[in-house]
file input.txt (compact mmCIF, C-alpha atoms and all ligand atoms)
# COMPACT_ATOMS: atom_id res chain seq x y z
CA MET A 3 68.60 -29.32 -128.31
CA PRO A 4 70.94 -32.24 -127.63
CA ILE A 5 69.39 -35.65 -127.23
CA LYS A 6 69.18 -36.69 -123.60
CA LEU A 7 67.39 -39.31 -121.57
CA LEU A 8 64.35 -38.03 -119.68
CA ASP A 9 64.38 -38.34 -115.91
CA LYS A 10 62.49 -41.20 -114.29
CA ALA A 11 59.55 -39.15 -113.03
CA THR A 12 58.95 -37.59 -116.44
CA ILE A 13 59.11 -40.97 -118.17
CA ALA A 14 56.63 -42.34 -115.65
CA ARG A 15 54.17 -39.48 -116.13
CA ILE A 16 54.32 -39.73 -119.90
CA ALA A 17 53.74 -43.47 -119.80
CA ALA A 18 50.91 -43.05 -117.29
CA GLY A 19 49.08 -40.88 -119.79
CA GLU A 20 48.42 -43.95 -121.90
CA VAL A 21 46.68 -45.93 -119.20
CA ILE A 22 45.28 -43.32 -116.88
CA GLU A 23 43.08 -40.89 -118.70
CA ARG A 24 40.64 -39.90 -115.99
CA PRO A 25 39.35 -41.06 -112.58
CA SER A 26 37.27 -43.83 -114.14
CA SER A 27 40.42 -45.32 -115.71
CA VAL A 28 42.00 -45.49 -112.26
CA VAL A 29 38.94 -47.20 -110.85
CA LYS A 30 38.84 -49.64 -113.76
CA GLU A 31 42.46 -50.69 -113.21
CA LEU A 32 42.01 -51.04 -109.45
CA LEU A 33 38.80 -53.05 -109.86
CA GLU A 34 40.51 -55.35 -112.33
CA ASN A 35 43.30 -55.92 -109.83
CA SER A 36 40.78 -56.73 -107.10
CA LEU A 37 38.97 -59.18 -109.34
CA ASP A 38 42.24 -60.77 -110.43
CA ALA A 39 43.06 -61.15 -106.74
CA GLY A 40 39.95 -63.30 -106.35
CA ALA A 41 38.00 -60.76 -104.31
CA LYS A 42 34.47 -61.67 -103.28
CA ARG A 43 33.79 -58.13 -102.20
CA VAL A 44 34.95 -54.81 -103.63
CA ASP A 45 34.14 -51.44 -102.09
CA VAL A 46 34.69 -48.24 -104.06
CA VAL A 47 34.57 -44.77 -102.56
CA ILE A 48 35.03 -41.57 -104.53
CA ARG A 49 34.73 -37.90 -103.76
CA GLU A 50 34.55 -34.98 -106.20
CA GLY A 51 34.28 -37.29 -109.17
CA GLY A 52 37.42 -39.12 -108.03
CA ILE A 53 39.56 -36.01 -108.47
CA GLY A 54 39.44 -35.41 -104.72
CA TYR A 55 39.59 -39.00 -103.52
CA ILE A 56 39.45 -42.59 -104.73
CA GLU A 57 39.47 -45.66 -102.55
CA VAL A 58 39.17 -49.28 -103.67
CA SER A 59 39.16 -51.99 -101.06
CA ASP A 60 38.97 -55.75 -101.56
CA ASP A 61 39.15 -59.04 -99.74
CA GLY A 62 41.35 -60.68 -102.33
CA CYS A 63 44.66 -62.50 -101.97
CA GLY A 64 46.69 -59.43 -100.99
CA ILE A 65 50.38 -58.88 -101.65
CA VAL A 66 53.19 -60.25 -99.49
CA PHE A 67 55.48 -57.74 -97.77
CA SER A 68 58.48 -58.62 -99.91
CA GLU A 69 56.61 -57.92 -103.17
CA VAL A 70 54.75 -54.72 -102.37
CA LEU A 71 57.43 -52.40 -103.77
CA LEU A 72 57.88 -54.57 -106.82
CA ALA A 73 54.17 -54.23 -107.64
CA PHE A 74 54.84 -50.55 -108.30
CA GLU A 75 57.64 -51.20 -110.77
CA ARG A 76 56.73 -50.84 -114.41
CA HIS A 77 56.21 -54.20 -116.17
CA ALA A 78 56.08 -56.06 -112.87
CA THR A 79 53.22 -58.53 -112.85
CA SER A 80 52.33 -61.80 -111.19
CA LYS A 81 49.99 -62.71 -114.07
CA LEU A 82 52.23 -63.38 -117.03
CA SER A 83 55.51 -65.17 -117.39
CA SER A 84 55.94 -65.34 -121.15
CA PHE A 85 54.48 -63.44 -124.08
CA GLU A 86 52.54 -66.47 -125.29
CA ASP A 87 50.65 -66.49 -121.99
CA ILE A 88 48.50 -63.58 -123.08
CA TYR A 89 46.65 -65.87 -125.47
CA ALA A 90 45.57 -68.12 -122.68
CA ILE A 91 45.28 -65.46 -120.03
CA SER A 92 42.39 -65.64 -117.62
CA SER A 93 43.32 -62.54 -115.60
CA LEU A 94 42.18 -59.05 -116.53
CA GLY A 95 45.62 -57.53 -116.04
CA PHE A 96 48.90 -58.62 -117.59
CA ARG A 97 50.80 -55.47 -118.51
CA GLY A 98 52.11 -54.59 -115.06
CA GLU A 99 51.48 -50.94 -115.74
CA ALA A 100 48.50 -49.86 -113.68
CA LEU A 101 50.03 -49.43 -110.25
CA PRO A 102 53.17 -47.54 -111.38
CA SER A 103 51.05 -45.39 -113.70
CA ILE A 104 48.56 -44.51 -110.99
CA ALA A 105 51.34 -43.86 -108.49
CA ALA A 106 53.02 -41.50 -110.96
CA VAL A 107 50.01 -39.19 -111.16
CA ALA A 108 48.65 -39.20 -107.61
CA ASP A 109 49.48 -39.57 -103.94
CA LEU A 110 48.84 -43.16 -102.99
CA GLU A 111 48.47 -45.24 -99.87
CA MET A 112 48.21 -49.01 -99.90
CA LEU A 113 47.36 -51.31 -97.05
CA THR A 114 47.54 -54.93 -98.06
CA ALA A 115 47.73 -58.27 -96.34
CA ALA A 116 48.37 -61.59 -98.01
CA ARG A 117 46.38 -64.59 -96.91
CA THR A 118 49.68 -66.40 -96.44
CA GLU A 119 51.26 -63.89 -94.03
CA GLU A 120 50.70 -62.98 -90.38
CA SER A 121 50.92 -59.24 -90.81
CA GLY A 122 50.08 -56.78 -93.54
CA THR A 123 52.00 -54.02 -95.26
CA TYR A 124 51.44 -50.27 -95.44
CA LEU A 125 53.00 -48.25 -98.22
CA SER A 126 52.64 -44.61 -99.09
CA LEU A 127 53.96 -42.96 -102.21
CA SER A 128 53.86 -39.36 -103.31
CA GLY A 129 54.22 -38.77 -107.04
CA GLY A 130 55.77 -42.22 -107.34
CA GLU A 131 58.37 -41.59 -104.58
CA MET A 132 58.25 -43.76 -101.48
CA VAL A 133 57.23 -41.99 -98.29
CA LYS A 134 56.63 -44.88 -95.91
CA HIS A 135 56.86 -48.67 -96.08
CA THR A 136 56.10 -50.62 -92.96
CA ARG A 137 54.27 -53.59 -91.47
CA MET A 138 50.69 -52.95 -90.45
CA ALA A 139 47.77 -55.16 -89.48
CA ARG A 140 44.93 -55.81 -91.90
CA SER A 141 42.59 -58.68 -92.61
CA PRO A 142 43.50 -60.38 -95.92
CA GLY A 143 42.93 -58.10 -98.88
CA THR A 144 44.04 -54.78 -100.27
CA THR A 145 43.00 -51.16 -99.86
CA ILE A 146 44.30 -48.42 -102.10
CA LYS A 147 43.59 -44.76 -101.41
CA LEU A 148 44.41 -41.95 -103.79
CA THR A 149 44.43 -38.22 -103.41
CA ARG A 150 45.71 -35.35 -105.55
CA LEU A 151 45.01 -37.20 -108.79
CA PHE A 152 46.70 -35.40 -111.69
CA SER A 153 47.83 -32.54 -109.46
CA ARG A 154 51.28 -32.91 -111.05
CA VAL A 155 49.79 -33.17 -114.55
CA PRO A 156 47.83 -29.93 -114.89
CA ALA A 157 47.06 -30.55 -118.57
CA ARG A 158 45.17 -33.70 -117.58
CA LEU A 159 43.30 -31.93 -114.84
CA LYS A 160 42.13 -29.31 -117.30
CA PHE A 161 40.85 -31.93 -119.67
CA LEU A 162 38.57 -33.48 -117.04
CA LYS A 163 34.90 -32.60 -117.03
CA THR A 164 32.79 -31.68 -114.01
CA PRO A 165 32.97 -33.87 -110.88
CA GLN A 166 29.42 -35.07 -111.63
CA HIS A 167 30.43 -36.13 -115.10
CA GLU A 168 33.56 -37.90 -113.86
CA ALA A 169 31.52 -39.57 -111.11
CA SER A 170 29.05 -40.88 -113.67
CA LYS A 171 31.94 -42.38 -115.63
CA VAL A 172 33.24 -44.07 -112.49
CA SER A 173 29.78 -45.32 -111.75
CA GLU A 174 29.51 -46.75 -115.25
CA VAL A 175 32.73 -48.73 -114.77
CA VAL A 176 31.74 -50.09 -111.37
CA LEU A 177 28.29 -51.15 -112.45
CA SER A 178 29.68 -52.77 -115.59
CA TYR A 179 31.95 -54.95 -113.50
CA ALA A 180 29.13 -55.63 -111.07
CA LEU A 181 27.22 -57.03 -114.04
CA ALA A 182 30.16 -59.07 -115.30
CA TYR A 183 30.92 -60.52 -111.86
CA PRO A 184 27.57 -61.13 -110.17
CA GLU A 185 29.31 -63.47 -107.72
CA VAL A 186 31.23 -60.50 -106.32
CA LYS A 187 29.61 -57.97 -104.01
CA PHE A 188 30.24 -54.41 -105.17
CA THR A 189 29.49 -51.21 -103.33
CA LEU A 190 30.00 -47.67 -104.55
CA SER A 191 29.89 -44.52 -102.50
CA ILE A 192 29.90 -41.14 -104.23
CA ASP A 193 30.45 -38.08 -102.02
CA GLY A 194 29.24 -40.03 -99.00
CA ARG A 195 26.16 -41.40 -100.70
CA ASN A 196 25.85 -45.15 -101.30
CA THR A 197 24.83 -45.55 -104.90
CA LEU A 198 25.40 -49.25 -105.48
CA ASN A 199 25.26 -52.37 -103.38
CA THR A 200 24.99 -55.61 -105.31
CA PRO A 201 24.18 -58.86 -103.52
CA GLY A 202 27.14 -60.80 -104.91
CA ASN A 203 25.06 -63.97 -104.94
CA GLY A 204 26.12 -65.04 -108.42
CA LYS A 205 22.78 -64.26 -110.06
CA LEU A 206 23.03 -61.79 -112.92
CA ARG A 207 19.35 -60.94 -112.69
CA ASP A 208 19.80 -59.89 -109.06
CA ALA A 209 22.69 -57.60 -110.01
CA VAL A 210 20.45 -56.10 -112.72
CA LEU A 211 17.73 -55.64 -110.12
CA GLU A 212 20.08 -53.59 -107.93
CA ILE A 213 21.24 -51.47 -110.84
CA TYR A 214 18.15 -51.01 -112.99
CA GLY A 215 15.32 -51.79 -110.61
CA ASN A 216 12.65 -54.42 -110.36
CA ASP A 217 10.67 -53.61 -113.48
CA VAL A 218 13.68 -53.95 -115.77
CA ALA A 219 15.08 -56.98 -113.94
CA SER A 220 11.85 -58.91 -114.13
CA LYS A 221 11.45 -58.32 -117.86
CA MET A 222 14.99 -58.95 -119.10
CA LEU A 223 15.39 -61.85 -121.49
CA ASP A 224 17.93 -64.61 -120.95
CA LEU A 225 20.38 -65.18 -123.74
CA GLU A 226 20.46 -68.91 -124.04
CA THR A 227 23.19 -70.87 -125.67
CA ASP A 228 21.04 -73.56 -127.19
CA SER A 229 19.17 -71.59 -129.79
CA TYR A 230 22.26 -70.51 -131.71
CA ARG A 231 24.99 -72.87 -130.59
CA SER A 232 28.02 -72.35 -132.75
CA SER A 233 31.23 -74.29 -132.64
CA ALA A 234 33.57 -71.89 -130.93
CA ILE A 235 31.57 -68.94 -129.59
CA ASN A 236 29.12 -68.93 -126.73
CA ILE A 237 26.94 -66.07 -125.66
CA SER A 238 25.21 -65.58 -122.33
CA GLY A 239 23.63 -62.71 -120.46
CA LEU A 240 20.45 -60.69 -120.35
CA VAL A 241 19.00 -58.23 -122.84
CA SER A 242 16.00 -55.95 -122.67
CA PRO A 243 12.72 -56.75 -124.38
CA PRO A 244 11.62 -54.13 -126.96
CA GLU A 245 9.34 -52.37 -124.47
CA ILE A 246 12.38 -51.38 -122.39
CA SER A 247 14.92 -49.10 -123.99
CA ARG A 248 17.25 -46.21 -123.38
CA SER A 249 17.97 -42.99 -125.22
CA ASN A 250 21.73 -43.66 -125.28
CA ARG A 251 24.08 -46.43 -126.21
CA ASN A 252 25.77 -46.75 -122.81
CA SER A 253 23.58 -49.41 -121.34
CA LEU A 254 24.56 -52.45 -123.34
CA HIS A 255 27.60 -54.00 -121.71
CA PHE A 256 29.89 -56.35 -123.60
CA PHE A 257 32.35 -58.71 -122.01
CA VAL A 258 34.72 -61.05 -123.75
CA ASN A 259 35.84 -63.85 -121.47
CA ARG A 260 34.76 -61.55 -118.61
CA ARG A 261 36.77 -58.60 -119.87
CA LEU A 262 34.84 -55.36 -120.31
CA ILE A 263 35.24 -54.19 -123.89
CA GLN A 264 34.06 -51.40 -126.15
CA SER A 265 33.11 -52.42 -129.64
CA ARG A 266 31.14 -50.42 -132.13
CA ALA A 267 30.79 -53.51 -134.27
CA LEU A 268 29.23 -55.57 -131.51
CA GLN A 269 26.99 -52.73 -130.44
CA LYS A 270 25.82 -52.60 -134.03
CA ALA A 271 25.29 -56.36 -134.14
CA ALA A 272 23.01 -56.15 -131.14
CA GLU A 273 21.20 -53.09 -132.45
CA GLN A 274 20.55 -54.85 -135.74
CA ALA A 275 18.95 -57.67 -133.83
CA TYR A 276 16.43 -55.13 -132.56
CA SER A 277 15.73 -53.66 -135.98
CA GLY A 278 12.04 -53.09 -136.48
CA LEU A 279 11.47 -53.49 -132.75
CA LEU A 280 12.78 -50.21 -131.35
CA MET A 281 11.96 -46.64 -132.32
CA VAL A 282 14.67 -44.57 -133.93
CA GLY A 283 16.96 -43.14 -131.25
CA ARG A 284 16.13 -45.86 -128.73
CA TYR A 285 18.72 -48.42 -127.67
CA PRO A 286 18.65 -51.73 -125.82
CA LEU A 287 20.21 -52.38 -122.44
CA GLY A 288 21.72 -55.49 -121.06
CA VAL A 289 24.74 -57.67 -120.55
CA ILE A 290 26.25 -59.70 -123.34
CA ASN A 291 28.95 -62.14 -122.31
CA ILE A 292 30.96 -63.58 -125.16
CA TRP A 293 32.91 -66.72 -124.42
CA LEU A 294 35.51 -68.02 -126.81
CA ASP A 295 38.89 -69.68 -126.89
CA GLY A 296 41.54 -67.16 -125.75
CA ALA A 297 43.59 -67.99 -128.82
CA LEU A 298 40.86 -66.46 -130.99
CA VAL A 299 41.00 -63.04 -129.41
CA ASP A 300 43.93 -60.63 -129.03
CA VAL A 301 43.61 -58.64 -125.83
CA ASN A 302 46.90 -56.83 -126.31
CA ILE A 303 45.97 -54.23 -128.91
CA HIS A 304 44.97 -51.35 -126.67
CA PRO A 305 46.80 -49.69 -123.75
CA THR A 306 43.75 -49.73 -121.50
CA LYS A 307 42.66 -53.09 -122.88
CA ALA A 308 39.29 -51.55 -123.78
CA GLU A 309 39.35 -52.99 -127.25
CA VAL A 310 40.16 -56.49 -128.41
CA LYS A 311 40.73 -58.03 -131.80
CA PHE A 312 38.91 -61.17 -132.82
CA SER A 313 40.55 -63.49 -135.29
CA ASP A 314 37.14 -63.93 -136.88
CA GLU A 315 35.18 -60.77 -136.15
CA SER A 316 32.27 -61.63 -138.39
CA ALA A 317 31.70 -64.93 -136.60
CA VAL A 318 31.48 -63.11 -133.27
CA PHE A 319 29.24 -60.46 -134.81
CA THR A 320 26.91 -63.12 -136.17
CA ALA A 321 26.85 -65.05 -132.91
CA VAL A 322 25.85 -61.94 -130.96
CA GLN A 323 23.23 -60.93 -133.47
CA ARG A 324 21.67 -64.38 -133.64
CA ALA A 325 21.71 -64.84 -129.90
CA VAL A 326 19.90 -61.58 -129.33
CA ARG A 327 17.50 -61.93 -132.22
CA SER A 328 16.48 -65.41 -131.19
CA VAL A 329 15.28 -64.31 -127.76
CA LEU A 330 13.49 -61.30 -129.19
CA VAL A 331 11.47 -63.18 -131.74
CA GLU A 332 10.91 -66.15 -129.49
CA LYS A 333 7.20 -66.61 -128.97
CA PRO A 334 6.21 -66.35 -125.35
CA PRO A 335 5.14 -69.79 -124.18
CA THR A 336 1.41 -70.20 -124.72
CA PRO A 337 -0.30 -70.56 -121.38
CA HIS A 338 -1.11 -74.17 -120.82
CA ILE A 339 -4.78 -74.56 -120.13
CA ALA A 340 -5.39 -77.71 -118.26
CA GLU A 341 -8.11 -79.74 -119.85
CA GLU A 342 -10.60 -80.75 -117.30
CA ALA A 343 -11.90 -84.21 -117.80
P1 LIG A 401 48.89 -56.20 -113.69
O1 LIG A 401 47.50 -56.18 -113.14
O2 LIG A 401 48.92 -55.98 -115.16
O3 LIG A 401 49.68 -57.38 -113.26
P2 LIG A 401 49.31 -53.91 -111.96
O4 LIG A 401 50.29 -52.80 -112.01
O5 LIG A 401 47.88 -53.57 -112.04
O6 LIG A 401 49.70 -54.92 -113.11
O7 LIG A 401 49.57 -54.73 -110.64
C1 LIG A 401 50.86 -55.27 -110.39
C2 LIG A 401 50.79 -56.50 -109.50
O8 LIG A 401 50.41 -56.11 -108.18
C3 LIG A 401 49.75 -57.51 -109.94
O9 LIG A 401 50.28 -58.42 -110.91
C4 LIG A 401 49.42 -58.22 -108.63
O10 LIG A 401 50.34 -59.23 -108.35
C5 LIG A 401 49.61 -57.12 -107.59
N1 LIG A 401 48.31 -56.49 -107.20
C6 LIG A 401 47.82 -55.30 -107.63
N2 LIG A 401 46.63 -55.02 -107.06
C7 LIG A 401 46.33 -56.07 -106.26
C8 LIG A 401 45.23 -56.39 -105.39
N3 LIG A 401 44.17 -55.59 -105.25
N4 LIG A 401 45.29 -57.57 -104.72
C9 LIG A 401 46.35 -58.39 -104.85
N5 LIG A 401 47.42 -58.15 -105.64
C10 LIG A 401 47.42 -57.00 -106.34
MG MG A 402 46.28 -54.55 -113.10

call {"tool": "encode", "arguments": {"input": "input.txt", "output": "structure tokens"}}
result
Amino acid sequence: MPIKLLDKATIARIAAGEVIERPSSVVKELLENSLDAGAKRVDVVIREGGIGYIEVSDDGCGIVFSEVLLAFERHATSKLSSFEDIYAISSLGFRGEALPSIAAVADLEMLTAARTEESGTYLSLSGGEMVKHTRMARSPGTTIKLTRLFSRVPARLKFLKTPQHEASKVSEVVLSYALAYPEVKFTLSIDGRNTLNTPGNGKLRDAVLEIYGNDVASKMLDLETDSYRSSAINISGLVSPPEISRSNRNSLHFFVNRRLIQSRALQKAAEQAYSGLLMVGRYPLGVINIWLDGALVDVNIHPTKAEVKFSDESAVFTAVQRAVRSVLVEKPPTPHIAEEA
């Protein structure tokens, strides 16, 4: 076959495959955009595991009319102006790939209104092609609705699991972010059922209460900086005491500078901190926030940004392990018995 350039739609669908694997990847990207937009409230609605319908609505900064179309261009972002910026980046997004990728594999409607403009903007796209683009009223913020996810990419559709399984993956993403951003109110509705409603009051323990219930929330241990203060790495969050555990590894959530990450090494660091305290096959739950200078972590090594690379991995590993271990072995304060004179 002669060499020829692929058409635009094909290029877009191929590229989308890197970022958008399943419904939960769509929700993750949309949530990150809402958080980057400074939302104080994010509402997620899915049906049929997200394959039927996904909606993410926020009260963030919105997008001005003149930039709405640009937001759907590949590599268009408001978050980065030079490559070096990614080492000091405080936003979750920076690649400018989520919206065009999502639009390439679904039918999409957006209603957005910028705080700075009188009126909002409505846009609908089908398979990446514009259907309608007009002014429409909305209070400041952005709503994105998706249908027919992957209907033009049958191979992807086939690879998805049951709607229940996909819904549980979506749920996992939403509750992870609810734990990372306790100052934001998150709701999640699955097939018409409200499954999550965090208070958004800024208290991590209250977000844990909503997600794991009162018993867990009241017993979780605070990771405190003081006991293991190291020069460049700080750890905060909540971890379970040994009497609370799970039979799977999904319940320990790691965030680096508020970015949700997957890391076998860090999972292992935390598990080692529990060694001798948990039965075989039991795993801790909790939230471990790692804070370090952006220059010491590369966030640009993975298309979905799920993995990061630390310049000194073993220092981070040690910091996590020490932080967790120190609260586990900490003696409970001995009750102070007032001496009666
Ligand atoms: P990135 O997040 O990497 O910049 P995206 O494709 O996810 O790329 O989004 C493109 C741009 O669209 C963002 O940089 C932002 O300016 C704008 N945007 C996307 N979602 C929202 C939202 N919910 N609220 C406000 N602006 C948004
Ligand atoms: Mg984004």

call {"tool": "residues_near_ligand", "arguments": {"input": "input.txt", "ligand": "ligand LIG 401 (chain A)", "cutoff": "7 Å", "atoms": "all atoms listed in the file", "output": "ChimeraX atom specification"}}
result
/A:31-32,35-36,39,60,62-65,73-74,78-81,94-102,143-144

call {"tool": "residues_near_point", "arguments": {"input": "input.txt", "point": "(22.7, -60.2, -119.7)", "cutoff": "9 Å", "atoms": "only C-alpha atoms", "output": "list in words"}}
result
Leu181, Ala182, Leu206, Arg207, Val210, Met222, Leu223, Asp224, Leu225, Ser238, Gly239, Leu240, Val241, Ser242, Leu254, His255, Leu287, Gly288, Val289, Ile290 and Asn291 of chain A

call {"tool": "residues_around", "arguments": {"input": "input.txt", "residues": "Tyr276 (chain A)", "least_positions_apart": "5", "cutoff": "12 Å", "atoms": "all atoms listed in the file", "output": "list in words"}}
result
Val241, Ser242, Pro243, Pro244, Glu245, Ile246, Ser247, Gln269, Lys270, Ala271, Met281, Val282, Arg284, Tyr285, Pro286, Leu287, Val322, Gln323, Arg324, Ala325, Val326, Arg327, Ser328, Val329, Leu330 and Val331 of chain A

call {"tool": "residues_around", "arguments": {"input": "input.txt", "residues": "Lys171 (chain A)", "least_positions_apart": "5", "cutoff": "9 Å", "atoms": "all atoms listed in the file", "output": "list in words"}}
result
Pro25, Ser26, Ser27, Gly51, Gln166 and Val176 of chain A

call {"tool": "closest_residue", "arguments": {"input": "input.txt", "among": "A:Leu37, A:Leu159, A:Gly278, A:Gly130", "to": "Glu75 (chain A)", "atoms": "only C-alpha atoms"}}
result
A:Gly130

call {"tool": "closest_residue", "arguments": {"input": "input.txt", "among": "A:Ile146, A:Val28, A:Leu211, A:Ile91", "to": "Glu111 (chain A)", "atoms": "all atoms listed in the file"}}
result
A:Ile146

call {"tool": "closest_residue", "arguments": {"input": "input.txt", "among": "A:Leu162, A:Ile104, A:Leu190, A:Met3", "to": "ligand MG 402 (chain A)", "atoms": "all atoms listed in the file"}}
result
A:Ile104

call {"tool": "residues_around", "arguments": {"input": "input.txt", "residues": "Lys187 (chain A)", "least_positions_apart": "4", "cutoff": "6 Å", "atoms": "only C-alpha atoms", "output": "VMD selection string"}}
result
chain A and resid 43 200 to 202

call {"tool": "atom_distance", "arguments": {"input": "input.txt", "atom1": "CA of Glu212 (chain A)", "atom2": "CA of Val175 (chain A)"}}
result
15.2 Å

call {"tool": "axis_aligned_box", "arguments": {"input": "input.txt", "around": "region 145-159 of chain A", "padding_each_side": "3 Å", "output": "lines of an AutoDock Vina configuration file"}}
result
center_x = 47.1
center_y = -40.5
center_z = -109.2
size_x = 14.3
size_y = 27.2
size_z = 24.7

call {"tool": "atom_distance", "arguments": {"input": "input.txt", "atom1": "CA of Thr306 (chain A)", "atom2": "CA of Lys30 (chain A)"}}
result
9.2 Å

call {"tool": "closest_residue", "arguments": {"input": "input.txt", "among": "A:Ser103, A:Ile56, A:Val66, A:Ile88", "to": "ligand MG 402 (chain A)", "atoms": "all atoms listed in the file"}}
result
A:Ser103

call {"tool": "atom_distance", "arguments": {"input": "input.txt", "atom1": "CA of Gly40 (chain A)", "atom2": "CA of Ser93 (chain A)"}}
result
9.9 Å

call {"tool": "closest_residue", "arguments": {"input": "input.txt", "among": "A:Glu50, A:Glu34, A:Glu174, A:Asp61", "to": "ligand MG 402 (chain A)", "atoms": "all atoms listed in the file"}}
result
A:Glu34

call {"tool": "closest_residue", "arguments": {"input": "input.txt", "among": "A:Asp38, A:Asp9, A:Asp208, A:Glu20", "to": "ligand MG 402 (chain A)", "atoms": "all atoms listed in the file"}}
result
A:Asp38
